[in-house]
Amino acid sequence: LLKIARPKVLILLWLNIIVLTHAALSPYPWSPPKDIANKFSRDPATLSQVSSDFGLIFHRNSSAVFTPTSISDISKLIKFSNSLSCPFTIAPRGQGHASYGQAMTRGGVVVNMTALNDYRNGSGIVVHHDKQTPYVDVGGEQIWIDVLRATFVHGLTPFAWTDYLYLSIGATLSNGGINGRAFRFGPQISNVHELDVVTGKGDLVTCSANKNSDLFYAVLGGLGQFGIITRARIPLGPAPTRVKWVHMLYNDFSTFSKDQEHLITFKGRNGNNQADFVEGVLMLNQPSQDLSFYPESDQPRIISLVTQYDIIYVMELVKYYDDNTQDQVDQEIEDLIHGLKFIPTFKFDKNASYEEFQNRIRTIELTLKPLGLWDVPHPWLDLYVPGSRIMDFDEGVFKGIILKQNITARRILVYATNQKRWDDKTSAMTPDEDFYIVSILPSTRFDNLELYLAQNQQVLQFCEDAGIGAKQYTPHNKTQEEWVEYYGPKWKTIQQRKLQFDPNKLLAPGQGIFN
Ligand code: FAD
């Protein structure tokens, strides 16, 4: 019996030795296929770059960084992982501007999406300006500032925006993509014609509302769970050249919110004088006040106002114009703000170029960076608060928590939007009614971080206890139970989508939904 078995045992032993030697020599517990082997890097500096993010709160070590030089590389990577008995997780990383480790993976592979830009060699943004309804095809790794510039030269622009433009298209479409234009045009995920997606099975699929629509809707707002977006087709409209930018100050939240709701529903006598952008910012009685919008001569009286009331609500209204409409823009603004109850004499305005306005957060970044105030921890909290409960939120959170605790907050936004502009078929979550977008955006020192994280927890707890029904945007949940609660009745759909498109649960593990 031994004689017969011996050759088999020897072969097995020999195979074992080969596998073990290979594993000992290979830096990974698996050996990558030859055609993509040189795209993995374990260089400590490269690994370190993807082990944290803008938030600087979490740190996770991945086992390798994958640098794709084509879309099919991404497909091969995902198929390879799926072929293993113990697959590794895969985190696509755009600009790494998430706050809570969403683009990281512990022990898995990070895909450096920005590398695709070199592969495309200038073809990452293709503007189809000669079509009757123009659009732009954009690589998932591209950033919005480049889309702004590439479309603007053709006199065109996308409809929906984020405030900050150094974010990747793939990531904002995986979240939502929101700012003060959402009340009119919806989030960026409501402004997409078509996507190319590499699914969690490694298949490259083109999808839209009419073609492979189950994947299309799964991926939009899908937090990277179902596929990696490699191209998006985004509709375009005429671009303005300039904007009229108005700030109006309020000391009473009820009046402020009523006026904001008026502004986002106002259409004008002929139905075509809508606001182009409406946001709101809190001015708190704190030393780090950014008053750069206001004339220097007015700054002292603004400071006294904030000192008197502790909290001032600033309405931000923008109207676009160009050479043909510059004569009427002032009248249009007058019509828009007619009857609004801001504090008399506290209305300020300025003109800016379209790009200057769109890229305004970059100006803040470039001011803060040299002061060492940009690359610091960012325990941010973004919430969608139902309109019917926004007064309770103001009392409980703005006045009850933030003002009372007097923790410095660099920027707090609050602005109204229309729920019907969101498509419930996507994976994104919103309240069931019109809501306010609230962003509490502090920057802090490491030794103060816990204080801010505790404050966020308090805000969430308040919302829970008071039954506010708020939903987090760019959500961060610690446990799967919290995710189940977050998705509510949609959880079953999310689970089914995961099973269909990423059954081995490889993608975007940093979100912590399934891993
Ligand atoms: P990353 O941090 O690299 O990734 C975020 C998530 O998306 C990860 O889960 C990642 O795996 C996944 N992902 C990345 N690329 C892809 C892809 N191609 N396909 C599928 N999944 C992918 N958001 C707004 O909506 N409006 C704003 O006005 C706004 N302002 C911001 C201002 C600043 C200064 C910052 C830092 C963030 C802001 N955000 C805003 C939030 C921002 O939209 C998200 O954090 C976004 O995910 C960051 O983009 P990123 O390219 O850095 O993504």
# chains A, B, ... in the order shown; residues from 1 in each chain; ligands from 1

call {"tool": "residues_near_ligand", "arguments": {"ligand": "ligand 1", "cutoff": "7 Å", "atoms": "only C-alpha atoms and all ligand atoms", "output": "NGL selection string"}}
result
:A and (53-54 or 91-99 or 102-103 or 113 or 140-141 or 162-164 or 167-172 or 174-179 or 223-224 or 227-230 or 474 or 508 or 510-511)

call {"tool": "write_last_selection", "arguments": {"atoms": "N, CA and C atoms", "output": "tab-separated table (two decimals), in the first residue's frame"}}
result
chain	number	residue	atom	x	y	z
A	53	ASP	N	-6.84	59.52	6.19
A	53	ASP	CA	-7.62	60.34	5.26
A	53	ASP	C	-7.74	61.76	5.79
A	54	PHE	N	-8.60	62.54	5.15
A	54	PHE	CA	-8.78	63.95	5.53
A	54	PHE	C	-9.20	64.07	7.00
A	91	ALA	N	-10.41	48.52	-1.55
A	91	ALA	CA	-10.97	49.86	-1.29
A	91	ALA	C	-10.56	50.82	-2.39
A	92	PRO	N	-11.51	51.24	-3.25
A	92	PRO	CA	-11.16	52.29	-4.20
A	92	PRO	C	-10.92	53.59	-3.44
A	93	ARG	N	-9.88	54.30	-3.82
A	93	ARG	CA	-9.58	55.58	-3.15
A	93	ARG	C	-9.47	56.67	-4.19
A	94	GLY	N	-10.31	57.70	-4.04
A	94	GLY	CA	-10.23	58.85	-4.94
A	94	GLY	C	-9.23	59.84	-4.38
A	95	GLN	N	-9.75	60.89	-3.72
A	95	GLN	CA	-8.87	61.92	-3.15
A	95	GLN	C	-8.61	61.70	-1.66
A	96	GLY	N	-9.20	60.65	-1.08
A	96	GLY	CA	-8.99	60.39	0.35
A	96	GLY	C	-9.53	61.51	1.22
A	97	HIS	N	-10.63	62.14	0.78
A	97	HIS	CA	-11.19	63.26	1.55
A	97	HIS	C	-12.34	62.84	2.47
A	98	ALA	N	-12.53	61.54	2.59
A	98	ALA	CA	-13.52	61.08	3.58
A	98	ALA	C	-12.95	61.35	4.97
A	99	SER	N	-13.83	61.27	5.99
A	99	SER	CA	-13.37	61.62	7.34
A	99	SER	C	-13.16	60.43	8.27
A	102	GLN	N	-13.38	55.67	5.33
A	102	GLN	CA	-14.23	55.01	4.32
A	102	GLN	C	-13.45	54.47	3.13
A	103	ALA	N	-12.30	55.10	2.80
A	103	ALA	CA	-11.54	54.64	1.63
A	103	ALA	C	-10.33	53.79	2.06
A	113	MET	N	-7.17	55.17	-7.44
A	113	MET	CA	-7.94	55.53	-8.63
A	113	MET	C	-7.28	56.65	-9.43
A	140	GLY	N	-14.08	58.15	-13.45
A	140	GLY	CA	-14.45	58.13	-12.03
A	140	GLY	C	-13.38	58.73	-11.14
A	141	GLU	N	-12.14	58.76	-11.62
A	141	GLU	CA	-11.02	59.26	-10.81
A	141	GLU	C	-10.84	60.76	-10.95
A	162	THR	N	-20.84	70.12	-5.67
A	162	THR	CA	-20.47	70.13	-4.25
A	162	THR	C	-19.82	71.49	-3.99
A	163	ASP	N	-19.72	71.88	-2.73
A	163	ASP	CA	-19.08	73.17	-2.43
A	163	ASP	C	-17.58	73.11	-2.72
A	164	TYR	N	-16.97	71.98	-2.39
A	164	TYR	CA	-15.52	71.82	-2.58
A	164	TYR	C	-15.33	70.97	-3.83
A	167	LEU	N	-12.70	66.82	-5.18
A	167	LEU	CA	-13.26	65.53	-4.78
A	167	LEU	C	-13.45	64.72	-6.05
A	168	SER	N	-13.31	63.39	-5.96
A	168	SER	CA	-13.41	62.60	-7.20
A	168	SER	C	-14.87	62.36	-7.57
A	169	ILE	N	-15.10	62.23	-8.86
A	169	ILE	CA	-16.46	62.02	-9.39
A	169	ILE	C	-17.01	60.69	-8.83
A	170	GLY	N	-16.17	59.63	-8.85
A	170	GLY	CA	-16.63	58.32	-8.38
A	170	GLY	C	-17.09	58.35	-6.94
A	171	ALA	N	-16.37	59.11	-6.10
A	171	ALA	CA	-16.71	59.15	-4.68
A	171	ALA	C	-17.96	59.99	-4.41
A	172	THR	N	-18.08	61.17	-5.05
A	172	THR	CA	-19.27	61.97	-4.73
A	172	THR	C	-20.53	61.27	-5.27
A	174	SER	N	-20.88	58.14	-5.27
A	174	SER	CA	-21.14	57.03	-4.34
A	174	SER	C	-21.79	57.54	-3.06
A	175	ASN	N	-21.73	58.86	-2.85
A	175	ASN	CA	-22.34	59.43	-1.65
A	175	ASN	C	-23.63	60.18	-1.97
A	176	GLY	N	-23.54	61.18	-2.83
A	176	GLY	CA	-24.71	61.99	-3.14
A	176	GLY	C	-24.29	63.19	-3.97
A	177	GLY	N	-23.36	64.00	-3.38
A	177	GLY	CA	-22.89	65.19	-4.07
A	177	GLY	C	-23.89	66.32	-3.92
A	178	ILE	N	-23.73	67.11	-2.85
A	178	ILE	CA	-24.76	68.10	-2.52
A	178	ILE	C	-24.15	69.48	-2.27
A	179	ASN	N	-24.96	70.49	-2.55
A	179	ASN	CA	-24.70	71.85	-2.05
A	179	ASN	C	-25.96	72.69	-2.24
A	223	LEU	N	-22.24	54.11	-1.56
A	223	LEU	CA	-21.08	54.10	-0.66
A	223	LEU	C	-19.99	53.13	-1.13
A	224	GLY	N	-19.88	52.94	-2.43
A	224	GLY	CA	-18.82	52.10	-3.00
A	224	GLY	C	-19.03	50.61	-2.78
A	227	GLY	N	-19.87	48.48	-6.68
A	227	GLY	CA	-19.02	48.56	-7.86
A	227	GLY	C	-18.14	49.78	-7.81
A	228	ILE	N	-17.12	49.77	-8.66
A	228	ILE	CA	-16.21	50.91	-8.75
A	228	ILE	C	-16.60	51.69	-10.01
A	229	ILE	N	-16.93	52.97	-9.83
A	229	ILE	CA	-17.35	53.81	-10.96
A	229	ILE	C	-16.11	54.22	-11.75
A	230	THR	N	-16.08	53.88	-13.04
A	230	THR	CA	-14.91	54.25	-13.85
A	230	THR	C	-15.26	55.33	-14.87
A	474	THR	N	-22.76	61.07	4.13
A	474	THR	CA	-21.43	60.45	4.27
A	474	THR	C	-21.39	59.74	5.63
A	508	ALA	N	-15.07	48.43	-0.72
A	508	ALA	CA	-15.23	49.52	0.25
A	508	ALA	C	-15.50	49.03	1.67
A	510	GLY	N	-14.05	49.88	4.30
A	510	GLY	CA	-13.88	50.96	5.29
A	510	GLY	C	-15.20	51.55	5.75
A	511	GLN	N	-16.27	51.34	4.98
A	511	GLN	CA	-17.58	51.84	5.41
A	511	GLN	C	-18.11	51.01	6.59

call {"tool": "atom_distance", "arguments": {"atom1": "CA of Asp214 (chain A)", "atom2": "CA of Leu173 (chain A)"}}
result
15.7 Å

call {"tool": "closest_residue", "arguments": {"among": "A:Val153, A:Leu449, A:Ala37, A:Ala470", "to": "Val376 (chain A)", "atoms": "only C-alpha atoms"}}
result
A:Leu449

call {"tool": "closest_residue", "arguments": {"among": "A:Asp203, A:Asp276, A:Asp146, A:Asp137", "to": "Asp73 (chain A)", "atoms": "only C-alpha atoms"}}
result
A:Asp203

call {"tool": "select_by_dssp", "arguments": {"residues": "region 247-451 of chain A", "states": "strand (DSSP E or B)", "output": "ChimeraX atom specification"}}
result
/A:247-250,277-284,311-321,347-353,381-386,411-417,435-441

call {"tool": "atom_distance", "arguments": {"atom1": "CA of Pro287 (chain A)", "atom2": "CA of Arg410 (chain A)"}}
result
10.0 Å

call {"tool": "closest_residue", "arguments": {"among": "A:Ala232, A:Ile71, A:Cys207, A:Val318", "to": "Ile125 (chain A)", "atoms": "only C-alpha atoms"}}
result
A:Ala232

call {"tool": "residues_around", "arguments": {"residues": "Thr255 (chain A)", "least_positions_apart": "3", "cutoff": "10 Å", "atoms": "only C-alpha atoms", "output": "list in words"}}
result
Tyr250, Asn251, Asp252, Lys258, Asp259, Gln260, Glu261, Tyr313, Leu340, Lys341 and Phe342 of chain A

call {"tool": "atom_distance", "arguments": {"atom1": "CA of Asn273 (chain A)", "atom2": "CA of Gly339 (chain A)"}}
result
15.6 Å

call {"tool": "residues_around", "arguments": {"residues": "region 290-304 of chain A", "least_positions_apart": "6", "cutoff": "10 Å", "atoms": "only C-alpha atoms", "output": "NGL selection string"}}
result
:A and (245-247 or 249 or 283-284 or 310 or 312 or 346-350 or 364 or 410-411)

call {"tool": "write_last_selection", "arguments": {"atoms": "N, CA and C atoms", "output": "PDB file, in the first residue's frame"}}
result
ATOM      1  N   TRP A 245     -23.597  87.601  -5.474  1.00  0.00           N
ATOM      2  CA  TRP A 245     -23.496  86.760  -4.270  1.00  0.00           C
ATOM      3  C   TRP A 245     -23.935  87.621  -3.084  1.00  0.00           C
ATOM      4  N   VAL A 246     -25.018  87.220  -2.437  1.00  0.00           N
ATOM      5  CA  VAL A 246     -25.606  88.073  -1.388  1.00  0.00           C
ATOM      6  C   VAL A 246     -25.580  87.367  -0.034  1.00  0.00           C
ATOM      7  N   HIS A 247     -25.236  88.088   1.014  1.00  0.00           N
ATOM      8  CA  HIS A 247     -25.364  87.580   2.386  1.00  0.00           C
ATOM      9  C   HIS A 247     -26.372  88.448   3.129  1.00  0.00           C
ATOM     10  N   LEU A 249     -28.145  88.780   7.076  1.00  0.00           N
ATOM     11  CA  LEU A 249     -27.945  88.284   8.445  1.00  0.00           C
ATOM     12  C   LEU A 249     -29.261  88.273   9.241  1.00  0.00           C
ATOM     13  N   MET A 283     -22.976  81.971  12.299  1.00  0.00           N
ATOM     14  CA  MET A 283     -21.860  82.761  12.814  1.00  0.00           C
ATOM     15  C   MET A 283     -21.964  82.690  14.320  1.00  0.00           C
ATOM     16  N   LEU A 284     -20.979  82.083  14.951  1.00  0.00           N
ATOM     17  CA  LEU A 284     -21.032  81.937  16.403  1.00  0.00           C
ATOM     18  C   LEU A 284     -20.110  82.960  17.058  1.00  0.00           C
ATOM     19  N   ASP A 310     -24.991  86.095  20.242  1.00  0.00           N
ATOM     20  CA  ASP A 310     -24.272  84.810  20.370  1.00  0.00           C
ATOM     21  C   ASP A 310     -24.316  83.957  19.116  1.00  0.00           C
ATOM     22  N   ILE A 312     -25.682  84.103  14.951  1.00  0.00           N
ATOM     23  CA  ILE A 312     -26.301  84.833  13.824  1.00  0.00           C
ATOM     24  C   ILE A 312     -26.389  83.855  12.657  1.00  0.00           C
ATOM     25  N   PHE A 346     -28.219  94.850   7.291  1.00  0.00           N
ATOM     26  CA  PHE A 346     -27.228  93.763   7.320  1.00  0.00           C
ATOM     27  C   PHE A 346     -27.367  92.868   6.079  1.00  0.00           C
ATOM     28  N   LYS A 347     -27.381  93.511   4.949  1.00  0.00           N
ATOM     29  CA  LYS A 347     -27.362  92.791   3.668  1.00  0.00           C
ATOM     30  C   LYS A 347     -26.106  93.243   2.921  1.00  0.00           C
ATOM     31  N   PHE A 348     -25.349  92.289   2.447  1.00  0.00           N
ATOM     32  CA  PHE A 348     -24.086  92.599   1.770  1.00  0.00           C
ATOM     33  C   PHE A 348     -24.038  91.824   0.468  1.00  0.00           C
ATOM     34  N   ASP A 349     -23.439  92.408  -0.549  1.00  0.00           N
ATOM     35  CA  ASP A 349     -23.315  91.619  -1.775  1.00  0.00           C
ATOM     36  C   ASP A 349     -22.003  91.900  -2.480  1.00  0.00           C
ATOM     37  N   LYS A 350     -21.646  90.964  -3.344  1.00  0.00           N
ATOM     38  CA  LYS A 350     -20.491  91.204  -4.195  1.00  0.00           C
ATOM     39  C   LYS A 350     -20.651  90.429  -5.497  1.00  0.00           C
ATOM     40  N   ILE A 364     -10.321  79.018   0.877  1.00  0.00           N
ATOM     41  CA  ILE A 364     -10.209  78.799   2.326  1.00  0.00           C
ATOM     42  C   ILE A 364      -9.072  77.812   2.597  1.00  0.00           C
ATOM     43  N   ARG A 410     -15.399  75.671  13.052  1.00  0.00           N
ATOM     44  CA  ARG A 410     -14.988  76.569  11.967  1.00  0.00           C
ATOM     45  C   ARG A 410     -16.158  76.910  11.048  1.00  0.00           C
ATOM     46  N   ARG A 411     -16.989  75.898  10.748  1.00  0.00           N
ATOM     47  CA  ARG A 411     -18.050  76.157   9.769  1.00  0.00           C
ATOM     48  C   ARG A 411     -19.254  75.259  10.072  1.00  0.00           C
TER      49      ARG A 411
END

call {"tool": "closest_residue", "arguments": {"among": "A:Pro386, A:Asp502, A:Gln480, A:Thr493", "to": "Ile468 (chain A)", "atoms": "only C-alpha atoms"}}
result
A:Pro386

call {"tool": "closest_residue", "arguments": {"among": "A:Glu485, A:Asp394, A:Asp335, A:Asp423", "to": "Phe216 (chain A)", "atoms": "only C-alpha atoms"}}
result
A:Asp423

call {"tool": "closest_residue", "arguments": {"among": "A:Gly200, A:Pro44, A:Gly400, A:Pro238", "to": "Leu499 (chain A)", "atoms": "only C-alpha atoms"}}
result
A:Gly200

call {"tool": "residues_around", "arguments": {"residues": "Gly237 (chain A)", "least_positions_apart": "4", "cutoff": "9 Å", "atoms": "only C-alpha atoms", "output": "list in words"}}
result
Thr133, Pro134, Tyr135, Gly155, Leu156, Thr157, Pro158 and Phe159 of chain A

call {"tool": "residues_around", "arguments": {"residues": "Ser353 (chain A)", "least_positions_apart": "2", "cutoff": "7 Å", "atoms": "only C-alpha atoms", "output": "PyMOL selection string"}}
result
chain A and resi 241-243+355-357

call {"tool": "write_last_selection", "arguments": {"atoms": "C-alpha atoms", "output": "PDB file, in the first residue's frame"}}
result
ATOM      1  CA  THR A 241     -19.808  83.935 -16.553  1.00  0.00           C
ATOM      2  CA  ARG A 242     -20.498  85.815 -13.324  1.00  0.00           C
ATOM      3  CA  VAL A 243     -22.497  85.599 -10.113  1.00  0.00           C
ATOM      4  CA  GLU A 355     -15.119  79.977 -11.249  1.00  0.00           C
ATOM      5  CA  GLU A 356     -14.207  82.187  -8.288  1.00  0.00           C
ATOM      6  CA  PHE A 357     -17.583  81.420  -6.719  1.00  0.00           C
TER       7      PHE A 357
END

call {"tool": "residues_around", "arguments": {"residues": "Trp374 (chain A)", "least_positions_apart": "5", "cutoff": "7 Å", "atoms": "only C-alpha atoms", "output": "list of chain:residue names"}}
result
A:Glu365, A:Leu368, A:Lys369

call {"tool": "write_last_selection", "arguments": {"atoms": "N, CA and C atoms", "output": "PDB file, in the first residue's frame"}}
result
ATOM      1  N   GLU A 365      -9.035  76.730   1.805  1.00  0.00           N
ATOM      2  CA  GLU A 365      -7.985  75.707   1.983  1.00  0.00           C
ATOM      3  C   GLU A 365      -6.600  76.341   1.863  1.00  0.00           C
ATOM      4  N   LEU A 368      -5.795  78.321   4.952  1.00  0.00           N
ATOM      5  CA  LEU A 368      -5.582  77.553   6.184  1.00  0.00           C
ATOM      6  C   LEU A 368      -4.312  76.700   6.138  1.00  0.00           C
ATOM      7  N   LYS A 369      -3.978  76.208   4.944  1.00  0.00           N
ATOM      8  CA  LYS A 369      -2.848  75.270   4.817  1.00  0.00           C
ATOM      9  C   LYS A 369      -1.544  75.813   5.401  1.00  0.00           C
TER      10      LYS A 369
END

call {"tool": "select_by_dssp", "arguments": {"residues": "region 210-315 of chain A", "states": "alpha helix (DSSP H)", "output": "ChimeraX atom specification"}}
result
/A:213-219,253-265,299-309

call {"tool": "write_last_selection", "arguments": {"atoms": "N, CA and C atoms", "output": "mmCIF file, in the first residue's frame"}}
result
data_model
loop_
_atom_site.group_PDB
_atom_site.id
_atom_site.type_symbol
_atom_site.label_atom_id
_atom_site.label_comp_id
_atom_site.auth_asym_id
_atom_site.auth_seq_id
_atom_site.Cartn_x
_atom_site.Cartn_y
_atom_site.Cartn_z
ATOM 1 N N SER A 213 -30.451 48.810 -15.113
ATOM 2 C CA SER A 213 -30.842 49.865 -14.168
ATOM 3 C C SER A 213 -30.672 49.425 -12.714
ATOM 4 N N ASP A 214 -30.740 48.115 -12.452
ATOM 5 C CA ASP A 214 -30.572 47.687 -11.058
ATOM 6 C C ASP A 214 -29.170 48.038 -10.548
ATOM 7 N N LEU A 215 -28.165 47.911 -11.406
ATOM 8 C CA LEU A 215 -26.799 48.278 -11.000
ATOM 9 C C LEU A 215 -26.671 49.799 -10.902
ATOM 10 N N PHE A 216 -27.255 50.510 -11.876
ATOM 11 C CA PHE A 216 -27.192 51.977 -11.917
ATOM 12 C C PHE A 216 -27.695 52.565 -10.595
ATOM 13 N N TYR A 217 -28.882 52.146 -10.188
ATOM 14 C CA TYR A 217 -29.452 52.711 -8.969
ATOM 15 C C TYR A 217 -28.737 52.212 -7.712
ATOM 16 N N ALA A 218 -28.208 50.983 -7.780
ATOM 17 C CA ALA A 218 -27.484 50.465 -6.613
ATOM 18 C C ALA A 218 -26.239 51.307 -6.346
ATOM 19 N N VAL A 219 -25.515 51.623 -7.424
ATOM 20 C CA VAL A 219 -24.217 52.297 -7.277
ATOM 21 C C VAL A 219 -24.372 53.760 -6.868
ATOM 22 N N PHE A 253 -33.877 82.201 14.263
ATOM 23 C CA PHE A 253 -33.840 81.035 13.377
ATOM 24 C C PHE A 253 -35.171 80.802 12.670
ATOM 25 N N SER A 254 -36.267 81.088 13.376
ATOM 26 C CA SER A 254 -37.577 80.845 12.784
ATOM 27 C C SER A 254 -37.757 81.701 11.522
ATOM 28 N N THR A 255 -37.408 82.989 11.624
ATOM 29 C CA THR A 255 -37.520 83.891 10.468
ATOM 30 C C THR A 255 -36.564 83.439 9.367
ATOM 31 N N PHE A 256 -35.356 83.092 9.779
ATOM 32 C CA PHE A 256 -34.335 82.651 8.821
ATOM 33 C C PHE A 256 -34.827 81.447 8.017
ATOM 34 N N SER A 257 -35.368 80.455 8.728
ATOM 35 C CA SER A 257 -35.753 79.228 8.024
ATOM 36 C C SER A 257 -36.989 79.464 7.146
ATOM 37 N N LYS A 258 -37.912 80.299 7.632
ATOM 38 C CA LYS A 258 -39.088 80.614 6.794
ATOM 39 C C LYS A 258 -38.643 81.301 5.504
ATOM 40 N N ASP A 259 -37.719 82.251 5.652
ATOM 41 C CA ASP A 259 -37.237 82.982 4.467
ATOM 42 C C ASP A 259 -36.469 82.054 3.532
ATOM 43 N N GLN A 260 -35.740 81.117 4.118
ATOM 44 C CA GLN A 260 -34.977 80.197 3.262
ATOM 45 C C GLN A 260 -35.936 79.308 2.463
ATOM 46 N N GLU A 261 -36.981 78.853 3.139
ATOM 47 C CA GLU A 261 -37.961 78.013 2.439
ATOM 48 C C GLU A 261 -38.680 78.817 1.362
ATOM 49 N N HIS A 262 -38.885 80.109 1.636
ATOM 50 C CA HIS A 262 -39.481 80.980 0.604
ATOM 51 C C HIS A 262 -38.540 81.065 -0.604
ATOM 52 N N LEU A 263 -37.261 81.270 -0.331
ATOM 53 C CA LEU A 263 -36.298 81.446 -1.430
ATOM 54 C C LEU A 263 -36.191 80.204 -2.317
ATOM 55 N N ILE A 264 -36.256 79.018 -1.709
ATOM 56 C CA ILE A 264 -36.069 77.826 -2.548
ATOM 57 C C ILE A 264 -37.335 77.449 -3.324
ATOM 58 N N THR A 265 -38.462 78.117 -2.969
ATOM 59 C CA THR A 265 -39.680 77.816 -3.736
ATOM 60 C C THR A 265 -40.059 78.961 -4.687
ATOM 61 N N GLN A 299 -17.111 95.235 9.328
ATOM 62 C CA GLN A 299 -16.784 94.079 10.187
ATOM 63 C C GLN A 299 -17.015 94.368 11.679
ATOM 64 N N PRO A 300 -16.641 95.561 12.201
ATOM 65 C CA PRO A 300 -16.865 95.806 13.644
ATOM 66 C C PRO A 300 -18.333 95.694 14.038
ATOM 67 N N ARG A 301 -19.248 96.222 13.181
ATOM 68 C CA ARG A 301 -20.678 96.153 13.591
ATOM 69 C C ARG A 301 -21.212 94.723 13.457
ATOM 70 N N ILE A 302 -20.598 93.924 12.574
ATOM 71 C CA ILE A 302 -21.026 92.513 12.481
ATOM 72 C C ILE A 302 -20.565 91.780 13.746
ATOM 73 N N ILE A 303 -19.330 92.076 14.163
ATOM 74 C CA ILE A 303 -18.824 91.426 15.383
ATOM 75 C C ILE A 303 -19.701 91.809 16.583
ATOM 76 N N SER A 304 -20.099 93.092 16.679
ATOM 77 C CA SER A 304 -20.951 93.467 17.829
ATOM 78 C C SER A 304 -22.288 92.749 17.766
ATOM 79 N N LEU A 305 -22.799 92.549 16.550
ATOM 80 C CA LEU A 305 -24.077 91.842 16.403
ATOM 81 C C LEU A 305 -23.957 90.410 16.927
ATOM 82 N N VAL A 306 -22.871 89.729 16.529
ATOM 83 C CA VAL A 306 -22.682 88.342 16.968
ATOM 84 C C VAL A 306 -22.486 88.307 18.482
ATOM 85 N N THR A 307 -21.759 89.294 19.013
ATOM 86 C CA THR A 307 -21.534 89.331 20.470
ATOM 87 C C THR A 307 -22.866 89.530 21.185
ATOM 88 N N GLN A 308 -23.726 90.370 20.596
ATOM 89 C CA GLN A 308 -25.024 90.652 21.235
ATOM 90 C C GLN A 308 -25.922 89.411 21.242
ATOM 91 N N TYR A 309 -25.954 88.670 20.108
ATOM 92 C CA TYR A 309 -26.925 87.562 19.999
ATOM 93 C C TYR A 309 -26.306 86.181 20.170
#

call {"tool": "closest_atom_pairs", "arguments": {"of": "region 217-278 of chain A", "to": "region 428-441 of chain A", "cutoff": "8 Å", "atoms": "only C-alpha atoms", "output": "tab-separated table"}}
result
residue	atom	partner	partner_atom	distance
A:Leu220	CA	A:Ala428	CA	7.1
A:Gly221	CA	A:Ala428	CA	4.4
A:Gly222	CA	A:Ala428	CA	6.5

call {"tool": "write_last_selection", "arguments": {"atoms": "N, CA and C atoms", "output": "PDB file, in the first residue's frame"}}
result
ATOM      1  N   LEU A 220     -25.428  54.437  -7.390  1.00  0.00           N
ATOM      2  CA  LEU A 220     -25.626  55.850  -7.041  1.00  0.00           C
ATOM      3  C   LEU A 220     -25.977  55.974  -5.560  1.00  0.00           C
ATOM      4  N   GLY A 221     -25.123  56.646  -4.813  1.00  0.00           N
ATOM      5  CA  GLY A 221     -25.324  56.755  -3.364  1.00  0.00           C
ATOM      6  C   GLY A 221     -25.030  55.451  -2.644  1.00  0.00           C
ATOM      7  N   GLY A 222     -24.338  54.515  -3.328  1.00  0.00           N
ATOM      8  CA  GLY A 222     -24.130  53.165  -2.777  1.00  0.00           C
ATOM      9  C   GLY A 222     -22.898  53.012  -1.913  1.00  0.00           C
TER      10      GLY A 222
END

call {"tool": "decode", "arguments": {"residues": "region 356-369 of chain A", "atoms": "C-alpha atoms", "output": "mmCIF file, in the first residue's frame"}}
result
data_model
loop_
_atom_site.group_PDB
_atom_site.id
_atom_site.type_symbol
_atom_site.label_atom_id
_atom_site.label_comp_id
_atom_site.auth_asym_id
_atom_site.auth_seq_id
_atom_site.Cartn_x
_atom_site.Cartn_y
_atom_site.Cartn_z
ATOM 1 C CA GLU A 356 -14.207 82.187 -8.288
ATOM 2 C CA PHE A 357 -17.583 81.420 -6.719
ATOM 3 C CA GLN A 358 -17.547 77.690 -7.526
ATOM 4 C CA ASN A 359 -14.015 77.268 -6.244
ATOM 5 C CA ARG A 360 -14.497 79.329 -3.069
ATOM 6 C CA ILE A 361 -13.583 76.544 -0.617
ATOM 7 C CA ARG A 362 -10.205 76.171 -2.298
ATOM 8 C CA THR A 363 -9.498 79.777 -1.279
ATOM 9 C CA ILE A 364 -10.209 78.799 2.326
ATOM 10 C CA GLU A 365 -7.985 75.707 1.983
ATOM 11 C CA LEU A 366 -5.108 77.766 0.617
ATOM 12 C CA THR A 367 -5.456 80.241 3.493
ATOM 13 C CA LEU A 368 -5.582 77.553 6.184
ATOM 14 C CA LYS A 369 -2.848 75.270 4.817
#
